[in-house]
Every structure is written in C-alpha cells, then in structure tokens.
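Data first, discussion second: the structure below is written as structure tokens.
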Amino acid sequence: MNGTKPTKPEAAHMARIKAMRCICCELLGQEQTSPSDVHHIREHGQARNHWLTLPLCHADCHQGRNGVEFERTYLRILKMTEFDLLARVIERMAKAEVMT
C-alpha cells in the first residue's frame, strides 16, 4: 500500500474494480462514455490503499472537470462522499456474488 506495488490479491481486486461500470454514472443515471479507471480514495488525508478503490469512468467522473479528481461536482450532486460510493460498490459486489 501507500504507493507500493500491489500484491497479487490487491491487483486482482483492482482488476475487478476496473471491469465494473462507473459507480457515478450508474447513480447519476447517465451513459458511461469511456472505460472505468481504478480511483484510489484519498479523502481526509487517507493514505493510498489498493483496497479502497472505486470504478470511475476516465473521461468524465474520474479525470473530467466535474469529476472526483478535480471539482468534485458529481459528488455534490449525489450528496455523497467517496466512502459513500465505496459502500455502493461493495453492495454491488456482494449482490454479484449472491447471484453466482
């Protein structure tokens, strides 16, 4: 963690996150127009942790002007923090496991 190379379990987790639909696009009800990036949560000085990650589309919700890395407009619209989004991602992952 903390900027280190991910372990095999961490890399597998991040690959699963990257393969997911953007959590912001889903909650905003908008079409995802670019592949998902793995976004590391860094709220309130949180150290970089490969487990605390979100799927965010690259062009808009992650690196876009309104995205989490810049003006954070979508978080304000959703009235959510990055940790709130993480809870939704975990919920989505748990539902997927139940279905298999």
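If you're wondering about the labels, chains in the structure tokens are A, B, ... by order shown, residues count from 1 in each chain, ligands from 1 in order shown.
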Sel. of alpha helix (DSSP H) residues, chain A, as a PyMOL selection string = chain A and resi 8-18+23-28+73-78+82-99
Residues within 9 Å of Leu85 (chain A), only C-alpha atoms, excluding chain neighbours under 2 positions, as a ChimeraX atom specification = /A:23-24,54,75,80-83,87-90
Could those residues be written to a file, using N, CA, C and O atoms, as a PDB file, in the first residue's frame?
```
ATOM      1  N   ILE A  23     -19.379   3.857 -11.002  1.00  0.00           N
ATOM      2  CA  ILE A  23     -20.373   3.981  -9.947  1.00  0.00           C
ATOM      3  C   ILE A  23     -21.106   5.329 -10.022  1.00  0.00           C
ATOM      4  O   ILE A  23     -22.307   5.403  -9.771  1.00  0.00           O
ATOM      5  N   CYS A  24     -20.406   6.399 -10.396  1.00  0.00           N
ATOM      6  CA  CYS A  24     -21.070   7.711 -10.505  1.00  0.00           C
ATOM      7  C   CYS A  24     -22.055   7.724 -11.668  1.00  0.00           C
ATOM      8  O   CYS A  24     -23.183   8.199 -11.519  1.00  0.00           O
ATOM      9  N   LEU A  54     -12.471   2.747  -6.322  1.00  0.00           N
ATOM     10  CA  LEU A  54     -13.768   2.912  -6.976  1.00  0.00           C
ATOM     11  C   LEU A  54     -13.616   2.779  -8.488  1.00  0.00           C
ATOM     12  O   LEU A  54     -12.608   3.227  -9.041  1.00  0.00           O
ATOM     13  N   LEU A  75     -19.958  14.476  -6.920  1.00  0.00           N
ATOM     14  CA  LEU A  75     -20.143  14.104  -5.510  1.00  0.00           C
ATOM     15  C   LEU A  75     -21.143  15.037  -4.837  1.00  0.00           C
ATOM     16  O   LEU A  75     -21.976  14.597  -4.043  1.00  0.00           O
ATOM     17  N   MET A  80     -22.862  12.734  -1.751  1.00  0.00           N
ATOM     18  CA  MET A  80     -22.141  11.557  -1.267  1.00  0.00           C
ATOM     19  C   MET A  80     -20.657  11.870  -1.166  1.00  0.00           C
ATOM     20  O   MET A  80     -20.157  12.778  -1.826  1.00  0.00           O
ATOM     21  N   THR A  81     -19.978  11.100  -0.331  1.00  0.00           N
ATOM     22  CA  THR A  81     -18.520  11.152  -0.247  1.00  0.00           C
ATOM     23  C   THR A  81     -17.968   9.962  -1.033  1.00  0.00           C
ATOM     24  O   THR A  81     -18.725   9.076  -1.463  1.00  0.00           O
ATOM     25  N   GLU A  82     -16.650   9.925  -1.174  1.00  0.00           N
ATOM     26  CA  GLU A  82     -16.025   8.784  -1.828  1.00  0.00           C
ATOM     27  C   GLU A  82     -16.305   7.506  -1.038  1.00  0.00           C
ATOM     28  O   GLU A  82     -16.493   6.432  -1.618  1.00  0.00           O
ATOM     29  N   PHE A  83     -16.361   7.600   0.293  1.00  0.00           N
ATOM     30  CA  PHE A  83     -16.651   6.422   1.104  1.00  0.00           C
ATOM     31  C   PHE A  83     -18.099   5.964   0.932  1.00  0.00           C
ATOM     32  O   PHE A  83     -18.387   4.767   0.988  1.00  0.00           O
ATOM     33  N   ALA A  87     -19.226   2.215  -0.403  1.00  0.00           N
ATOM     34  CA  ALA A  87     -20.274   1.357   0.170  1.00  0.00           C
ATOM     35  C   ALA A  87     -21.178   0.823  -0.936  1.00  0.00           C
ATOM     36  O   ALA A  87     -21.556  -0.361  -0.924  1.00  0.00           O
ATOM     37  N   ARG A  88     -21.505   1.645  -1.912  1.00  0.00           N
ATOM     38  CA  ARG A  88     -22.348   1.204  -3.030  1.00  0.00           C
ATOM     39  C   ARG A  88     -21.622   0.168  -3.886  1.00  0.00           C
ATOM     40  O   ARG A  88     -22.218  -0.787  -4.366  1.00  0.00           O
ATOM     41  N   VAL A  89     -20.312   0.358  -4.084  1.00  0.00           N
ATOM     42  CA  VAL A  89     -19.518  -0.603  -4.855  1.00  0.00           C
ATOM     43  C   VAL A  89     -19.485  -1.948  -4.129  1.00  0.00           C
ATOM     44  O   VAL A  89     -19.681  -3.004  -4.744  1.00  0.00           O
ATOM     45  N   ILE A  90     -19.265  -1.918  -2.832  1.00  0.00           N
ATOM     46  CA  ILE A  90     -19.226  -3.160  -2.045  1.00  0.00           C
ATOM     47  C   ILE A  90     -20.586  -3.854  -2.106  1.00  0.00           C
ATOM     48  O   ILE A  90     -20.672  -5.078  -2.265  1.00  0.00           O
TER      49      ILE A  90
END
```
Selected residue, from A:Glu69, A:Asp37, A:Glu10, A:Glu26, that lies nearest to His50 (chain A) when counting only C-alpha atoms =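 For His50 (chain A), the nearest of the candidates is A:Glu10.
For region 19-86 of chain A, the set of residues given strand (DSSP E or B) by DSSP on the backbone reads Ser36, Asp37, Val38, His39, His40, Thr53, Leu54, Pro55, Leu56 and Cys57 of chain A.
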remark   = Using only C-alpha atoms, the residue out of A:Met14, A:Cys22, A:Leu28, A:Cys61 with shortest distance to Leu78 (chain A) is A:Leu28
query = For Cys25 (chain A), which residue out of A:Val98, A:Val68, A:Met93, A:Cys57 is the nearest one, using only C-alpha atoms?
reply = A:Cys57
inquiry  = List as a ChimeraX atom specification the protein and nucleic acid residues near Lys18 (chain A), meaning an atom at most 10 Å away when only C-alpha atoms are counted, but skip any in the same chain fewer than 2 places from it.
reply    = /A:12-16,20-22,35-39,53-57
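Interatomic distance, CA of Gly45 (chain A) against CA of Ala19 (chain A): 26.7 Å.
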Nearby residues (only C-alpha atoms) at most 10 Å from Ala11 (chain A), same-chain spacing under 6 positions excluded, as an NGL selection string = :A and (5 or 17 or 50-51)
message = From the options A:Ala96, A:Leu86, A:Asp60, A:Pro9, which residue's atoms come nearest to Arg72 (chain A), counting only C-alpha atoms?
response =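 The answer is A:Asp60, which sits nearest to Arg72 (chain A).
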